[in-house]
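Take a look at the structure set out below.
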Amino acid sequence: MRLNITIQNYDKPLLFSILFLCAFGTIMLYSASWNESYIRSGGLTEALFLKGHLKRITLGFLCLFISLLIDYRSLKPVAPYFLMISISLLIMTKGYYLIHGINSPARWLNLGIFMIQTSDIARLSLIIFLAYYLDDIKTRIKNLHRGFLPCILAVGVTMTFIVIQPDFSTAAVIGLIGFSMLFIGGAKLSHIITTGVVSIVIMIPVMLMRSYRLKRVIYWLGSIFGINSGSEQEVMGYQAQQSLISLGNGGFWGLGLGNSLEKNLFLPTPHTDFIFAIIGEELGFLGAIFVISLFLFIFQRGVKIAKETTDPFGVMLAVGISFSIIIYSFINVAVVTGIFPVTGLPMPLVSHGGSSLVMNLACLGILLNISQAKRSVSHSTSWKPNLNV
């Protein structure tokens with residue numbers, strides 16, 4: 001069977017940047033994790049985490065290729081059902097942990113042959129649903145009850161079931177993605193601001209209910225005002241402190257690939273949420289700026305694809321995916337550099353992780369699919385997204 005992908009029009013700079021970032025991330029992951037791999041394997045291998053990463057990235061590229069083959073518009077009729085399934089998976093995940101008396105955060109659902117982080121599926125399903133809904137209602141989004149409120153309800157329900165896992169950081173990011181899509185989709189600024197204020201009033205107490213989150217915030221505020229002192233403060237902010245030391249070690253040029261000092265049992269799990277610190281230490285300020293620039297380039301290509309697409313569903317889908325990637329990368333960098341408190345969010349396509357890596361590649365496959373041709377809708381509309389921001 002011959003596959004006709006119509007690849008002549010897809011965004012090649014975007015694809016090349018994705019391939020480069022994945023290759024770069026794989027190299028940095030091995031550099032950051034070889035010492036811990038050696039210890040965890042009892043001296044048997046230095047590639048324990050690398051092997052797992054390669055399996056996941058292979059699956060991720062398979063998902064990207066499938067997303068590239070299937071017309072993104074086929075997601076539109078199944079969007080509501082996809083969201084309902086993802087919320088059901090969130091409930092199943094929490095229920096499984098409660099039934100089995102597992103006290104750890106209920107973020108992973110064991111399906112036998114593999115485990116999935118259900119919040120990542122919920123993120124993609126919500127982006128698809130909001131794109132579908134904003135296309136369906138168009139200018140009615142300015143109406144509070146018949147347009148804006150159902151969107152906020154979908155975002156709020158999804159966030160609620162992620163918060164109770166508990167995974168506050170992911171829930172907050174999903175909220176930001178949702179608000180970004182609503183703003184671009186033409187929602188009234190007064191509706192967005194009011195909902196945002198109410199959300200903050202609700203989420204601050206929820207965030208502080210967990211002692212570990214409260215300690216992170218206390219340390220972060222202490223670091224801002226220069227009042228962190230004592231052994232207890234040092235324990236609370238140990239990972240954040242070591243991250244800044246790692247970046248400081250790198251200076252402008254870096255210590256050289258593989259020469260990080262902090263990954264040798266100083267910085268905990270350097271291959272996951274704090275891999276950017278190792279990038280800064282080994283490749284210096286220049287390497288760190290290059291990685292940030294690469295994410296900004298991917299975001300710029302995503303916005304360009306959205307501007308050139310005449311299908312409202314494709315526009316909003318491209319916007320949601322682009323904002324998802326840039327928000328995750330920005331927050332990860334902000335945490336590593338001490339701008340934000342520790343969140344536990346990975347750096348897209350770079351950090352070690354399973355569901356996040358696979359779902360991000362699937363999302364980018366959809367974005368490439370949208371870029372393949374300037375598709376037009378079958379009916380005229382005066383709806384215009386707010387992309388001049």
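A note on labels: chains of the structure tokens are A, B, ... as shown, every chain counts residues from 1, and ligands are counted from 1 in their shown order.
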Query raised in the report: Skipping near chain neighbours, those fewer than 3 positions away, what residues fall within 9 Å of segment 142-150 of chain A using only C-alpha atoms, listed as an MDAnalysis selection string?
Result: chainID A and resid 133:134 137:139 153:155 182 186:188 191:192
Query raised in the report: Quick one: of A:Asn249, A:Asn360, A:Ser243, A:Gln372, who's nearest to Ala334 of chain A, counting only C-alpha atoms?
Result: A:Ser243
Report task. Just the residues within 7 Å of Ala47 of chain A, please, counting only C-alpha atoms, with nothing from its chain fewer than 4 positions along; format it as a ChimeraX atom specification. Result -> /A:30,34,37,51
Put those residues in a file: N, CA, C and O atoms, as a short mmCIF file (atom, residue, chain, number, x, y, z; two decimals), in the first residue's frame.
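Written output follows (again_17.cif):
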```cif
data_model
loop_
_atom_site.label_atom_id
_atom_site.label_comp_id
_atom_site.auth_asym_id
_atom_site.auth_seq_id
_atom_site.Cartn_x
_atom_site.Cartn_y
_atom_site.Cartn_z
N TYR A 30 21.48 11.53 28.60
CA TYR A 30 22.53 10.54 28.92
C TYR A 30 23.62 11.19 29.77
O TYR A 30 24.09 10.60 30.75
N TRP A 34 23.99 9.36 33.50
CA TRP A 34 24.84 8.17 33.46
C TRP A 34 25.33 7.77 34.86
O TRP A 34 25.42 6.58 35.17
N SER A 37 22.46 6.22 36.73
CA SER A 37 22.19 4.91 36.11
C SER A 37 23.18 3.86 36.61
O SER A 37 22.80 2.72 36.91
N LYS A 51 18.12 3.98 27.93
CA LYS A 51 17.38 2.91 27.25
C LYS A 51 15.88 3.15 27.33
O LYS A 51 15.16 3.00 26.34
#
```
Report task. Using backbone DSSP assignments, extract all strand (DSSP E) residues from segment 5-199 of chain A; output them as a list of chain:residue names. Result ->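 In segment 5-199 of chain A, DSSP puts these residues in strand (DSSP E): A:Trp108, A:Leu109, A:Asn110, A:Met115, A:Ile116, A:Gln117.
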Requested in this report: Check the smallest atom-to-atom distance from each of A:Ile66, A:Leu267, A:Val342, A:Ala23 to Lys215 of chain A using only C-alpha atoms, then report the winner.
Outcome: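 With only C-alpha atoms as the atom set, the closest residue is A:Val342.
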Per-residue nearest contacts of segment 6-29 of chain A to segment 345-354 of chain A (8 Å; only C-alpha atoms) as a Markdown table:
```
| residue | atom | partner | partner_atom | distance |
| --- | --- | --- | --- | --- |
| A:Leu21 | CA | A:Leu349 | CA | 6.7 |
| A:Cys22 | CA | A:Leu349 | CA | 5.6 |
| A:Phe24 | CA | A:Val350 | CA | 7.5 |
| A:Gly25 | CA | A:Val350 | CA | 4.1 |
| A:Thr26 | CA | A:Val350 | CA | 6.8 |
| A:Met28 | CA | A:Val350 | CA | 7.7 |
| A:Leu29 | CA | A:His352 | CA | 6.8 |
```
**Report entry** Non-local contacts of Ala318 of chain A (7 Å; only C-alpha atoms; under 5 positions in same chain excluded) as a list in words
**Finding:**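 The residues that qualify are Gly302, Ile305, Ala306 and Leu367 of chain A.
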Query raised in the report: Please, what distance in Å, to one decimal, runs between atom CA of Tyr132 of chain A and atom CA of Ser322 of chain A?
Result: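 Going from atom CA of Tyr132 of chain A over to atom CA of Ser322 of chain A covers 16.3 Å.
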Report task. Give the helix (DSSP H, G or I) residues of segment 154-372 of chain A, as DSSP finds them on the backbone, and put them as a ChimeraX atom specification. Result -> /A:154-163,168-184,189-208,211-225,231-236,238-250,275-308,312-336,355-371
**Report entry** Residue nearest Ala122 of chain A - candidates A:Tyr97, A:Phe285, A:Phe161, A:Phe183, atoms counted: only C-alpha atoms
**Finding:**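 With only C-alpha atoms as the atom set, the closest residue is A:Phe161.
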Residue neighbourhood Lys304 of chain A, 10 Å, only C-alpha atoms, exclusion window fewer than 6 positions, as an mmCIF file with N, CA, C and O atoms, in the first residue's frame:
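Heads up, here's the output in part02.cif:
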```
data_model
loop_
_atom_site.group_PDB
_atom_site.id
_atom_site.type_symbol
_atom_site.label_atom_id
_atom_site.label_comp_id
_atom_site.auth_asym_id
_atom_site.auth_seq_id
_atom_site.Cartn_x
_atom_site.Cartn_y
_atom_site.Cartn_z
ATOM 1 N N ASP A 11 5.530 22.091 7.426
ATOM 2 C CA ASP A 11 6.513 23.057 7.925
ATOM 3 C C ASP A 11 7.836 22.366 8.225
ATOM 4 O O ASP A 11 8.031 21.803 9.300
ATOM 5 N N ILE A 298 10.083 27.180 17.938
ATOM 6 C CA ILE A 298 8.973 26.242 17.765
ATOM 7 C C ILE A 298 7.641 26.959 18.000
ATOM 8 O O ILE A 298 6.670 26.760 17.260
ATOM 9 N N VAL A 315 -6.872 26.541 13.483
ATOM 10 C CA VAL A 315 -6.255 27.718 14.126
ATOM 11 C C VAL A 315 -6.146 27.508 15.629
ATOM 12 O O VAL A 315 -5.077 27.653 16.232
ATOM 13 N N ALA A 318 -3.758 24.654 16.672
ATOM 14 C CA ALA A 318 -2.357 25.087 16.571
ATOM 15 C C ALA A 318 -1.986 26.010 17.725
ATOM 16 O O ALA A 318 -0.888 25.919 18.297
ATOM 17 N N VAL A 319 -2.907 26.911 18.081
ATOM 18 C CA VAL A 319 -2.666 27.836 19.190
ATOM 19 C C VAL A 319 -2.501 27.064 20.503
ATOM 20 O O VAL A 319 -1.564 27.305 21.278
ATOM 21 N N SER A 371 -0.062 22.178 9.272
ATOM 22 C CA SER A 371 0.780 23.006 8.406
ATOM 23 C C SER A 371 0.898 22.476 6.986
ATOM 24 O O SER A 371 1.398 23.180 6.107
ATOM 25 N N LEU A 387 -4.768 36.857 16.926
ATOM 26 C CA LEU A 387 -3.390 36.364 16.857
ATOM 27 C C LEU A 387 -2.374 37.489 16.780
ATOM 28 O O LEU A 387 -1.188 37.236 16.694
#
```
For segment 312-380 of chain A against segment 173-180 of chain A, with a cut-off of 9 Å and counting only C-alpha atoms, what is the closest atom pair and its distance in Å to one decimal for every residue that makes the cut, ordered by chain and number, as a Markdown table?
```
| residue | atom | partner | partner_atom | distance |
| --- | --- | --- | --- | --- |
| A:Val319 | CA | A:Ser180 | CA | 8.3 |
| A:Gly320 | CA | A:Ile177 | CA | 6.4 |
| A:Ile321 | CA | A:Ile177 | CA | 8.7 |
| A:Phe323 | CA | A:Ile177 | CA | 6.2 |
| A:Ser324 | CA | A:Ile177 | CA | 6.0 |
| A:Ile327 | CA | A:Val173 | CA | 7.2 |
| A:Tyr328 | CA | A:Val173 | CA | 7.4 |
| A:Ile331 | CA | A:Val173 | CA | 8.9 |
```
Requested in this report: Identify which of the residues A:Ile27, A:Ile370, A:Ile70, A:Ile91 lies closest to Phe49 of chain A, counting only C-alpha atoms when measuring atom-to-atom distances.
Outcome: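 Of A:Ile27, A:Ile370, A:Ile70, A:Ile91, the one nearest Phe49 of chain A, counting only C-alpha atoms, is A:Ile27.
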Report task. Determine the nearest neighbour of Phe65 of chain A from the options A:Pro80, A:Pro13, A:Gly196, A:Gly365, counting only C-alpha atoms. Result -> A:Gly365
**Report entry** Shell around Ile121 of chain A at 9 Å using only C-alpha atoms, local window under 6 positions removed, as a count of residues only
**Finding:** 6
